Every structure is written in structure tokens, then in C-alpha cells.
file my_file-v3.txt (compact mmCIF, C-alpha atoms)
# COMPACT_ATOMS: atom_id res chain seq x y z
CA MET Q 845 0.00 0.00 0.00
CA MET Q 846 2.65 2.49 1.13
CA LYS Q 847 4.96 1.47 -1.69
CA SER Q 848 2.44 2.11 -4.45
CA GLU Q 849 1.66 5.54 -3.03
CA SER Q 850 5.29 6.61 -2.88
CA THR Q 851 5.92 5.51 -6.46
CA ALA Q 852 2.80 7.37 -7.60
CA ILE Q 853 4.34 10.60 -6.33
CA ASP Q 854 7.59 10.01 -8.24
CA VAL Q 855 5.74 9.43 -11.54
CA PRO Q 856 5.10 12.74 -13.38
CA GLU Q 857 1.54 14.05 -13.69
CA SER Q 858 1.39 13.31 -17.43
CA GLY Q 859 1.39 9.53 -16.81
CA THR Q 860 -2.20 8.29 -16.49
CA VAL Q 861 -5.21 10.06 -15.07
CA SER Q 862 -5.87 7.39 -12.46
CA LYS Q 863 -2.33 7.68 -11.04
CA GLY Q 864 -2.63 11.45 -10.93
CA LYS Q 865 -5.81 10.96 -8.90
CA ALA Q 866 -4.02 8.63 -6.51
CA SER Q 867 -1.36 11.23 -5.72
CA LEU Q 868 -4.09 13.83 -5.23
CA MET Q 869 -5.83 11.50 -2.78
CA ALA Q 870 -2.56 11.14 -0.87
CA ALA Q 871 -2.15 14.91 -0.60
CA PRO Q 872 -4.27 15.56 2.57
CA ARG Q 873 -2.38 12.78 4.32
CA ASP Q 874 -0.90 14.98 7.05
CA GLY Q 875 -4.37 15.67 8.46
CA LYS Q 876 -5.10 11.98 8.79
CA LYS Q 877 -1.69 11.34 10.32
CA GLY Q 878 -2.28 14.18 12.76
CA ILE Q 879 -5.62 12.66 13.78
CA ALA Q 880 -3.94 9.26 14.22
CA ILE Q 881 -1.21 10.71 16.45
CA PHE Q 882 -3.79 12.64 18.53
CA ASP Q 883 -5.79 9.41 18.77
CA PHE Q 884 -2.74 7.62 20.21
CA ILE Q 885 -2.03 10.37 22.75
CA LEU Q 886 -5.71 10.50 23.78
CA ARG Q 887 -5.69 6.74 24.30
CA ILE Q 888 -2.71 7.00 26.66
CA GLY Q 889 -4.48 9.79 28.57
CA ALA Q 890 -7.65 7.71 28.85
CA LEU Q 891 -5.58 4.73 30.00
CA VAL Q 892 -4.02 6.78 32.80
CA SER Q 893 -7.47 8.05 33.87
CA ALA Q 894 -9.05 4.59 33.79
CA LEU Q 895 -6.18 3.03 35.77
CA ALA Q 896 -6.31 5.88 38.30
CA ALA Q 897 -10.09 5.42 38.68
CA ALA Q 898 -9.84 1.64 39.16
CA ALA Q 899 -6.90 1.90 41.54
CA THR Q 900 -8.39 4.71 43.65
CA MET Q 901 -11.70 2.91 43.98
CA GLY Q 902 -10.02 -0.46 44.58
CA THR Q 903 -7.96 0.85 47.50
CA SER Q 904 -10.75 2.85 49.12
CA ASP Q 905 -11.64 1.66 52.57
CA GLU Q 906 -11.91 3.32 55.92
CA THR Q 907 -12.15 1.85 59.38
CA LEU Q 908 -13.63 3.86 62.19
CA THR Q 909 -12.63 2.78 65.68
CA PHE Q 910 -14.84 3.73 68.59
CA PHE Q 911 -13.59 3.44 72.21
CA ASN Q 912 -11.31 0.45 71.47
CA GLN Q 913 -10.50 -1.97 68.67
CA PHE Q 914 -13.52 -4.16 69.40
CA PHE Q 915 -16.01 -1.53 68.25
CA GLN Q 916 -15.22 -0.99 64.61
CA PHE Q 917 -17.18 0.19 61.61
CA GLN Q 918 -15.68 -0.37 58.22
CA ALA Q 919 -16.61 0.99 54.81
CA SER Q 920 -14.95 -0.53 51.77
CA TYR Q 921 -15.67 -0.49 48.06
CA ASP Q 922 -16.63 -4.18 48.09
CA ASP Q 923 -19.50 -3.56 50.50
CA ILE Q 924 -21.34 -1.79 47.68
CA PRO Q 925 -22.02 -3.82 44.50
CA THR Q 926 -21.99 -0.70 42.32
CA PHE Q 927 -18.42 0.08 43.35
CA GLN Q 928 -17.38 -3.52 42.69
CA PHE Q 929 -18.85 -3.19 39.19
CA PHE Q 930 -17.00 0.12 38.83
CA VAL Q 931 -13.62 -1.44 39.64
CA ILE Q 932 -14.21 -4.37 37.26
CA ALA Q 933 -15.55 -2.14 34.46
CA MET Q 934 -12.73 0.40 34.70
CA ALA Q 935 -10.14 -2.40 34.78
CA MET Q 936 -11.74 -3.81 31.61
CA VAL Q 937 -11.64 -0.36 30.00
CA ALA Q 938 -7.94 -0.02 30.88
CA GLY Q 939 -7.23 -3.51 29.52
CA TYR Q 940 -9.04 -2.71 26.27
CA LEU Q 941 -7.05 0.53 25.93
CA VAL Q 942 -3.75 -1.35 26.25
CA LEU Q 943 -4.89 -3.84 23.59
CA SER Q 944 -6.02 -1.00 21.30
CA LEU Q 945 -2.66 0.81 21.33
CA PRO Q 946 -1.08 -1.41 18.62
CA PHE Q 947 -4.07 -0.78 16.30
CA SER Q 948 -3.73 2.94 16.92
CA MET Q 949 -0.03 2.68 16.00
CA VAL Q 950 -0.97 0.90 12.75
CA SER Q 951 -3.24 3.90 12.01
CA ILE Q 952 -0.28 6.25 12.47
CA VAL Q 953 1.90 4.23 10.08
CA ARG Q 954 -0.91 3.74 7.54
CA PRO Q 955 -3.29 6.69 7.95
CA HIS Q 956 -5.49 5.51 5.03
CA ALA Q 957 -6.08 1.92 6.17
CA ALA Q 958 -9.80 1.66 6.95
CA GLY Q 959 -9.66 -1.76 8.66
CA PRO Q 960 -7.97 -0.88 12.00
CA ARG Q 961 -9.98 2.34 12.29
CA SER Q 962 -13.32 0.57 11.74
CA LEU Q 963 -12.37 -2.05 14.33
CA LEU Q 964 -11.39 0.69 16.81
CA LEU Q 965 -14.64 2.59 16.12
CA ILE Q 966 -16.81 -0.45 16.93
CA PHE Q 967 -14.97 -1.39 20.13
CA ASP Q 968 -14.56 2.23 21.23
CA THR Q 969 -18.35 2.67 21.02
CA VAL Q 970 -18.97 -0.43 23.16
CA THR Q 971 -16.31 0.64 25.67
CA LEU Q 972 -17.73 4.17 25.79
CA ALA Q 973 -21.07 2.69 26.89
CA LEU Q 974 -19.37 0.48 29.52
CA ASN Q 975 -17.28 3.37 30.86
CA THR Q 976 -20.23 5.80 30.96
CA SER Q 977 -22.51 3.34 32.73
CA ALA Q 978 -19.87 2.56 35.38
CA ALA Q 979 -19.18 6.25 35.93
CA ALA Q 980 -22.87 7.23 36.10
CA ALA Q 981 -23.81 4.41 38.47
CA ALA Q 982 -20.91 5.19 40.82
CA ALA Q 983 -21.66 8.93 40.66
CA ASP Q 984 -25.22 8.13 41.65
CA ILE Q 985 -24.14 6.21 44.75
CA VAL Q 986 -21.64 8.94 45.63
CA TYR Q 987 -24.46 11.49 45.45
CA LEU Q 988 -26.61 9.32 47.72
CA ALA Q 989 -23.70 8.86 50.15
CA HIS Q 990 -23.22 12.62 50.30
CA ASN Q 991 -26.86 13.72 50.45
CA GLY Q 992 -28.97 10.75 51.41
CA ASN Q 993 -32.67 10.61 50.54
CA ALA Q 994 -35.44 11.49 52.96
CA THR Q 995 -38.31 9.70 51.20
CA THR Q 996 -36.65 6.31 51.16
CA ASN Q 997 -34.93 6.78 54.53
CA TRP Q 998 -31.45 6.37 53.07
CA PHE Q 999 -29.08 8.41 55.22
CA ALA Q 1000 -25.89 10.14 54.14
CA ILE Q 1001 -22.85 8.11 55.18
CA CYS Q 1002 -20.23 10.69 54.24
CA LEU Q 1003 -20.61 12.36 57.65
CA GLN Q 1004 -18.98 9.31 59.20
CA PHE Q 1005 -16.82 8.05 56.37
CA GLY Q 1006 -15.33 11.29 55.07
CA ASP Q 1007 -12.06 9.93 53.69
CA PHE Q 1008 -13.82 7.03 51.97
CA CYS Q 1009 -16.20 9.47 50.25
CA ARG Q 1010 -13.37 11.70 49.08
CA LYS Q 1011 -11.46 8.80 47.50
CA VAL Q 1012 -14.57 7.45 45.82
CA SER Q 1013 -15.50 10.87 44.44
CA GLY Q 1014 -12.01 11.21 42.97
CA ALA Q 1015 -12.36 7.85 41.25
CA VAL Q 1016 -15.68 8.93 39.71
CA VAL Q 1017 -14.15 12.15 38.37
CA ALA Q 1018 -11.28 10.17 36.78
CA SER Q 1019 -13.74 7.78 35.14
CA PHE Q 1020 -15.73 10.68 33.65
CA ALA Q 1021 -12.46 12.06 32.22
CA SER Q 1022 -11.85 8.77 30.44
CA ALA Q 1023 -15.49 8.72 29.20
CA VAL Q 1024 -14.99 12.15 27.62
CA ALA Q 1025 -11.79 10.86 25.98
CA PHE Q 1026 -13.76 7.94 24.52
CA MET Q 1027 -16.38 10.30 23.08
CA LEU Q 1028 -13.61 12.22 21.32
CA LEU Q 1029 -12.04 8.95 20.10
CA VAL Q 1030 -15.34 7.71 18.59
CA VAL Q 1031 -16.06 10.99 16.80
CA MET Q 1032 -12.46 11.26 15.54
CA SER Q 1033 -12.45 7.67 14.23
CA GLY Q 1034 -15.73 8.29 12.41
CA LEU Q 1035 -14.55 11.54 10.83
CA ALA Q 1036 -11.16 10.06 9.90
CA LEU Q 1037 -12.96 7.28 8.01
CA ARG Q 1038 -14.81 9.95 6.07
CA ARG Q 1039 -12.72 10.27 2.94
CA ASN Q 1040 -10.63 7.18 2.87
CA MET V 494 -25.84 16.42 -6.93
CA MET V 495 -28.49 13.83 -7.77
CA LYS V 496 -28.92 15.33 -11.21
CA SER V 497 -25.25 15.09 -12.15
CA GLU V 498 -25.13 11.43 -11.01
CA SER V 499 -28.17 10.46 -13.07
CA THR V 500 -26.77 12.14 -16.17
CA ALA V 501 -23.43 10.40 -15.62
CA ILE V 502 -25.21 7.04 -15.94
CA ASP V 503 -26.88 8.07 -19.21
CA VAL V 504 -23.57 9.16 -20.74
CA PRO V 505 -21.74 6.20 -22.38
CA GLU V 506 -18.51 4.90 -20.77
CA SER V 507 -16.35 6.30 -23.59
CA GLY V 508 -17.09 9.91 -22.49
CA THR V 509 -14.40 11.10 -20.07
CA VAL V 510 -12.48 9.08 -17.49
CA SER V 511 -13.62 11.18 -14.57
CA LYS V 512 -17.28 10.71 -15.45
CA GLY V 513 -16.75 6.98 -15.81
CA LYS V 514 -15.28 7.02 -12.31
CA ALA V 515 -18.30 8.89 -10.97
CA SER V 516 -20.68 6.23 -12.25
CA LEU V 517 -18.45 3.53 -10.77
CA MET V 518 -18.53 5.32 -7.40
CA ALA V 519 -22.34 5.34 -7.61
CA ALA V 520 -22.47 1.59 -8.23
CA PRO V 521 -22.38 0.33 -4.58
CA ARG V 522 -25.12 2.84 -3.74
CA ASP V 523 -27.71 0.24 -2.74
CA GLY V 524 -25.65 -0.84 0.30
CA LYS V 525 -25.42 2.76 1.53
CA LYS V 526 -29.09 3.34 0.86
CA GLY V 527 -29.92 0.17 2.81
CA ILE V 528 -27.86 1.42 5.76
CA ALA V 529 -29.62 4.82 5.57
CA ILE V 530 -33.08 3.19 5.59
CA PHE V 531 -32.12 0.92 8.51
CA ASP V 532 -30.76 4.01 10.29
CA PHE V 533 -34.15 5.72 9.88
CA ILE V 534 -36.11 2.69 11.16
CA LEU V 535 -33.72 2.29 14.11
CA ARG V 536 -34.20 5.96 15.00
CA ILE V 537 -37.98 5.52 15.10
CA GLY V 538 -37.55 2.43 17.31
CA ALA V 539 -35.21 4.33 19.64
CA LEU V 540 -37.68 7.24 19.73
CA VAL V 541 -40.50 4.90 20.81
CA SER V 542 -38.28 3.37 23.52
CA ALA V 543 -37.10 6.74 24.81
CA LEU V 544 -40.65 8.15 24.93
CA ALA V 545 -41.90 5.00 26.67
CA ALA V 546 -39.09 5.26 29.23
CA ALA V 547 -39.72 8.95 29.95
CA ALA V 548 -43.51 8.50 30.12
CA THR V 549 -43.39 5.39 32.31
CA MET V 550 -40.98 7.02 34.74
CA GLY V 551 -42.85 10.31 34.67
CA THR V 552 -46.17 8.74 35.65
CA SER V 553 -44.78 6.43 38.33
CA ASP V 554 -46.12 7.16 41.75
CA GLU V 555 -47.79 5.06 44.39
CA THR V 556 -49.68 6.09 47.49
CA LEU V 557 -50.04 3.68 50.38
CA THR V 558 -52.93 4.36 52.72
CA PHE V 559 -52.80 2.96 56.24
CA PHE V 560 -55.94 2.86 58.43
CA ASN V 561 -57.46 6.02 56.92
CA GLN V 562 -56.55 8.81 54.53
CA PHE V 563 -54.61 10.75 57.17
CA PHE V 564 -51.82 8.17 57.33
CA GLN V 565 -50.36 8.11 53.87
CA PHE V 566 -46.97 7.27 52.43
CA GLN V 567 -46.24 8.29 48.92
CA ALA V 568 -43.43 7.31 46.54
CA SER V 569 -43.06 9.28 43.33
CA TYR V 570 -40.30 9.67 40.76
CA ASP V 571 -39.70 13.27 41.82
CA ASP V 572 -38.76 12.26 45.35
CA ILE V 573 -35.54 10.78 43.97
CA PRO V 574 -33.22 13.16 42.07
CA THR V 575 -31.84 10.35 39.91
CA PHE V 576 -35.30 9.60 38.54
CA GLN V 577 -35.91 13.29 37.85
CA PHE V 578 -32.64 13.34 35.89
CA PHE V 579 -33.79 10.19 34.10
CA VAL V 580 -37.06 11.79 32.94
CA ILE V 581 -35.32 14.96 31.76
CA ALA V 582 -32.50 13.05 30.02
CA MET V 583 -34.83 10.62 28.24
CA ALA V 584 -37.08 13.49 27.13
CA MET V 585 -33.99 15.23 25.72
CA VAL V 586 -32.98 12.01 23.93
CA ALA V 587 -36.48 11.72 22.43
CA GLY V 588 -36.41 15.37 21.36
CA TYR V 589 -33.00 14.91 19.72
CA LEU V 590 -34.28 11.83 17.88
CA VAL V 591 -37.23 13.80 16.45
CA LEU V 592 -34.85 16.55 15.30
CA SER V 593 -32.47 13.98 13.76
CA LEU V 594 -35.16 12.32 11.60
CA PRO V 595 -34.95 14.93 8.78
CA PHE V 596 -31.14 14.48 8.60
CA SER V 597 -31.63 10.72 8.43
CA MET V 598 -34.10 11.25 5.56
CA VAL V 599 -31.52 13.39 3.74
CA SER V 600 -29.12 10.43 4.08
CA ILE V 601 -31.69 8.16 2.42
CA VAL V 602 -32.16 10.55 -0.50
CA ARG V 603 -28.43 11.26 -0.84
CA PRO V 604 -26.59 8.19 0.50
CA HIS V 605 -23.18 9.64 -0.40
CA ALA V 606 -23.49 13.02 1.31
CA ALA V 607 -20.93 13.03 4.13
CA GLY V 608 -22.20 16.19 5.86
CA PRO V 609 -25.47 14.96 7.44
CA ARG V 610 -23.87 11.66 8.43
CA SER V 611 -20.92 13.34 10.16
CA LEU V 612 -23.31 15.64 12.02
CA LEU V 613 -25.44 12.65 13.09
CA LEU V 614 -22.32 10.74 14.20
CA ILE V 615 -21.15 13.54 16.50
CA PHE V 616 -24.56 14.16 18.10
CA ASP V 617 -25.39 10.44 18.30
CA THR V 618 -22.18 9.88 20.28
CA VAL V 619 -23.05 12.65 22.76
CA THR V 620 -26.64 11.38 23.08
CA LEU V 621 -25.39 7.82 23.54
CA ALA V 622 -23.39 9.00 26.56
CA LEU V 623 -26.40 10.92 27.97
CA ASN V 624 -28.77 7.99 27.46
CA THR V 625 -26.35 5.44 28.94
CA SER V 626 -25.64 7.56 32.01
CA ALA V 627 -29.35 8.10 32.70
CA ALA V 628 -30.08 4.39 32.26
CA ALA V 629 -27.15 3.27 34.42
CA ALA V 630 -27.90 5.72 37.22
CA ALA V 631 -31.58 4.76 37.33
CA ALA V 632 -30.74 1.05 37.17
CA ASP V 633 -28.45 1.58 40.14
CA ILE V 634 -31.23 3.13 42.24
CA VAL V 635 -33.67 0.40 41.13
CA TYR V 636 -31.16 -2.21 42.31
CA LEU V 637 -30.85 -0.43 45.66
CA ALA V 638 -34.64 -0.18 45.97
CA HIS V 639 -34.98 -3.91 45.33
CA ASN V 640 -32.06 -5.17 47.42
CA GLY V 641 -31.04 -2.43 49.82
CA ASN V 642 -27.54 -2.33 51.28
CA ALA V 643 -26.69 -3.62 54.74
CA THR V 644 -23.39 -1.76 55.24
CA THR V 645 -24.85 1.67 54.66
CA ASN V 646 -28.24 0.88 56.30
CA TRP V 647 -30.18 1.61 53.14
CA PHE V 648 -33.28 -0.59 53.22
CA ALA V 649 -35.16 -2.04 50.28
CA ILE V 650 -38.32 -0.04 49.60
CA CYS V 651 -39.79 -2.38 46.99
CA LEU V 652 -41.40 -4.49 49.71
CA GLN V 653 -43.76 -1.59 50.40
CA PHE V 654 -43.89 0.12 47.03
CA GLY V 655 -44.21 -2.87 44.69
CA ASP V 656 -46.09 -1.20 41.83
CA PHE V 657 -43.77 1.81 41.87
CA CYS V 658 -40.74 -0.48 41.60
CA ARG V 659 -42.25 -2.44 38.71
CA LYS V 660 -42.99 0.71 36.69
CA VAL V 661 -39.55 2.15 37.34
CA SER V 662 -37.85 -1.12 36.34
CA GLY V 663 -39.80 -1.12 33.07
CA ALA V 664 -38.65 2.42 32.32
CA VAL V 665 -35.02 1.42 32.90
CA VAL V 666 -35.34 -1.55 30.53
CA ALA V 667 -36.81 0.73 27.82
CA SER V 668 -33.96 3.21 28.24
CA PHE V 669 -31.37 0.44 27.85
CA ALA V 670 -33.11 -0.61 24.62
CA SER V 671 -32.70 2.90 23.25
CA ALA V 672 -29.04 2.96 24.41
CA VAL V 673 -28.36 -0.23 22.40
CA ALA V 674 -30.07 1.39 19.38
CA PHE V 675 -27.73 4.39 19.74
CA MET V 676 -24.66 2.13 19.82
CA LEU V 677 -25.80 0.56 16.53
CA LEU V 678 -26.49 4.02 15.06
CA VAL V 679 -23.00 5.31 15.93
CA VAL V 680 -21.22 2.26 14.50
CA MET V 681 -23.39 2.30 11.35
CA SER V 682 -22.79 6.02 10.75
CA GLY V 683 -19.04 5.49 11.14
CA LEU V 684 -18.93 2.53 8.76
CA ALA V 685 -21.22 4.27 6.23
CA LEU V 686 -18.76 7.20 6.12
CA ARG V 687 -16.01 4.72 5.32
CA ARG V 688 -15.88 4.91 1.53
CA ASN V 689 -17.67 8.07 0.67

call {"tool": "encode", "arguments": {"input": "my_file-v3.txt", "output": "C-alpha cells"}}
result
Amino acid sequence: MMKSESTAIDVPESGTVSKGKASLMAAPRDGKKGIAIFDFILRIGALVSALAAAATMGTSDETLTFFNQFFQFQASYDDIPTFQFFVIAMAMVAGYLVLSLPFSMVSIVRPHAAGPRSLLLIFDTVTLALNTSAAAAAADIVYLAHNGNATTNWFAICLQFGDFCRKVSGAVVASFASAVAFMLLVVMSGLALRRN
Amino acid sequence: MMKSESTAIDVPESGTVSKGKASLMAAPRDGKKGIAIFDFILRIGALVSALAAAATMGTSDETLTFFNQFFQFQASYDDIPTFQFFVIAMAMVAGYLVLSLPFSMVSIVRPHAAGPRSLLLIFDTVTLALNTSAAAAAADIVYLAHNGNATTNWFAICLQFGDFCRKVSGAVVASFASAVAFMLLVVMSGLALRRN
């Protein structure tokens, strides 16, 4: 693929019309390459966010000791199923991002190859949904933990477990950052496929 | 646009090379048109799901009367902020879908126009994220209402408010159906842009 393009540029314009067209098609290549490089950088940023979210949530627990060590109350992420789902989902997102890096590199080397980009578009869309649902569900529980709900008699637990709530809130913010990165990735992949 | 394509088919192949190319480009048009028609049908399906979700959640309330009418307990969607967000978000999704139908029709008439498709791709991605977050957050609260959580002393309310819980669960299922439709729409728009 690359070889035929480079020879098409060496051939003078007066060769055949179809070859002249091929070199014209290769002209806006820098834009595609730029998108591919930005895609790669964005993936690394999303990976860092997703790992930070999973790690922060996975290490969040707080033990309150009253009077002596026999009266303890403990809050940990694995007491709440939503937070367990969050850790698993964000770890899956991070794993997918690592696996997607080679395909993103192929897009940098061959900016006009539609195969890797289409594959990335499909899986990015699925991972966007996974990431968003984990982030939204965890944000919901964090809101409840901060504010409680009077109608259902669910009380705010952040008054007692302040450090736990702060860690969990940080993890949710990191996961929303990686969700925004995925939205950019999906739109960029779609627009880069546009004139291929 | 349409006019020039139809004349290009009438002109014999021996005309000019560029016109011959144009008619060749128009050859795989049926596949694109099929995708555009499926896109339109999927949008109508998603619209029905989103409206059903918003309406079901919006009309969900249950009043329990004990002894006489002076001892009442009421559960309604607007007691829980997440469900309020759900109604607003799903109404926005339905409104966006109505507005997107004309653009989808333009894609049916002109399957090779990249503009409407790119626009739909960008807004579909954003709406996918909105829809997924509303569905995930509401599903989270529905899970809590069904099961409660022992660590945080949040009790299950579905034992008392059974009808309320059933309506709310139905709304969440409908919103997940429209989220799946959006995932298909995004991937289809991206792949339809592929060789434009």
C-alpha cells in the first residue's frame, strides 16, 4: 500500500489520469496522520485516567474505631455492589485501551487503512457505553452517600466516612475524564474514516 | 448532486475518465441506501423506547394508605433526584431523535453526502453518553430499591412500594433498549462514512 503511493508521487503528472488521482488522494495525508497521532495520545491519557479510577476505587476503605478496637465500623468499596462493578468495568476499559494501542499505531503508520480504524470505532463505542454506565452508576451512589434521601430513609454516610467518600468521588471524576476521551475517540475515528 | 449522477449514468462509458469514475462510485449505492433506511427505522424504534421510558418514569407514583386517609406514604419519581434526571434526560434524547429524523431522511435521499452523516455521528455519540448515564444511574437506584444495602443501612423499599418499583424497572429496561439502538447508530454512521 505504502509502496504504491510513494511511487505514484515520483511518476510525473502526465502519466495516467488514475495515477494522478491517486497522488491527489494522498495529498491531505498529514491531516489523517495528525488525527492518528492525537488518537494515540488521547488513548494514553484515557488509559491513565481509567487506571487511576480503578486503583483509587479499589484501594478505598476506611475503618472507624470507637472506644477500642472491638467496636469498629468499616466501609470498603466491596460492600457496595456498584463500586465492585465500577472497579471491574474500569479495569476492563484499561485492559481494552492497552490492547487498542497497537491498532492505533498501525493507524499512524498507515493513515489511510480503513480496517484498523473501523475495528477501533466499533470497540470504542462499546467501551464508551461500559465506561459511561460505570461512571454514572458510581456517581449516583456517591451522590446518595453525600446527600442521602429522605423519602426512602437512606441516610448520608459521608458524615462518618469522610475519607472514603473523598477517595470514591475522585475515582468517579477520573472515570468521567476517560469517558470524555472515549467520546472524542469515537467521533475522531468516524470523521477520519470519512474520505478514505 | 443527484442530477449530475443520473446524467453520468446516461452518458456512455467512452465519455471522459472522470465521469466513468463517478458512475463507478455510484455503483455500490444500494448498500449505503440500505444502511440509511435501517438508520431511519432504528431511529424511530429508539424514539419509541425513549418516549416510553420517559412517560413510564414520569407517571410512576404510588400512594399507600394505612388505616385512613390521614396516614399516607407516597413514593413518586420526583422524590428521587436520579429519577428526575432520568425523565429529563430521556425526554432530551427523544427530542433529539425527532430533530435527527430529517437528517436521516436526507441520508436516504443522498446516500453519499458526508455532511449529514458526520453531524449525526457527532450528536449520536453525545446522546449515547447521555442515554447510557441516565439508564445506568436509574438502574443503580432500582437495584438499591430492590435489594437495599446492609453496610450503609439503606433498606429495600420495593417491599412496600411494589407497583412503583415495577414501573420504574420497566422504564429502565426501555432506556437500555434505546441505548443499544444508539450504539448501533454510531457504529453504522461510522462505517457508512467509510468509503464516501

call {"tool": "interface_residues", "arguments": {"input": "my_file-v3.txt", "of": "chain Q", "to": "chain V", "cutoff": "7 Å", "atoms": "all atoms listed in the file", "output": "PyMOL selection string"}}
result
chain Q and resi 923+962+965-966+969+973+976-977+980-981+984+995-996+998+1001+1027+1031+1034-1035+1037-1040

call {"tool": "atom_distance", "arguments": {"input": "my_file-v3.txt", "atom1": "atom CA of Val661 of chain V", "atom2": "atom CA of Asp571 of chain V"}}
result
12.0 Å

call {"tool": "residues_around", "arguments": {"input": "my_file-v3.txt", "residues": "Asp532 of chain V", "least_positions_apart": "4", "cutoff": "9 Å", "atoms": "all atoms listed in the file", "output": "mmCIF file with C-alpha atoms, in the frame of the given file"}}
result
data_model
loop_
_atom_site.group_PDB
_atom_site.id
_atom_site.type_symbol
_atom_site.label_atom_id
_atom_site.label_comp_id
_atom_site.auth_asym_id
_atom_site.auth_seq_id
_atom_site.Cartn_x
_atom_site.Cartn_y
_atom_site.Cartn_z
ATOM 1 C CA GLY V 527 -29.920 0.170 2.810
ATOM 2 C CA ILE V 528 -27.860 1.420 5.760
ATOM 3 C CA ARG V 536 -34.200 5.960 15.000
ATOM 4 C CA ILE V 537 -37.980 5.520 15.100
ATOM 5 C CA SER V 597 -31.630 10.720 8.430
ATOM 6 C CA ILE V 601 -31.690 8.160 2.420
ATOM 7 C CA LEU V 677 -25.800 0.560 16.530
ATOM 8 C CA LEU V 678 -26.490 4.020 15.060
ATOM 9 C CA MET V 681 -23.390 2.300 11.350
ATOM 10 C CA SER V 682 -22.790 6.020 10.750
#

call {"tool": "atom_distance", "arguments": {"input": "my_file-v3.txt", "atom1": "atom CA of Ala545 of chain V", "atom2": "atom CA of Phe533 of chain V"}}
result
18.5 Å

call {"tool": "atom_distance", "arguments": {"input": "my_file-v3.txt", "atom1": "atom CA of Thr903 of chain Q", "atom2": "atom CA of Ala1021 of chain Q"}}
result
19.5 Å

call {"tool": "closest_residue", "arguments": {"input": "my_file-v3.txt", "among": "Q:His956, Q:Val986, Q:Leu964, Q:Thr971", "to": "Ala894 of chain Q", "atoms": "only C-alpha atoms"}}
result
Q:Thr971

call {"tool": "residues_around", "arguments": {"input": "my_file-v3.txt", "residues": "Thr900 of chain Q", "least_positions_apart": "4", "cutoff": "10 Å", "atoms": "all atoms listed in the file", "output": "number ranges by chain"}}
result
Q: 894-896, 904-905, 921, 931, 1011-1016, 1018
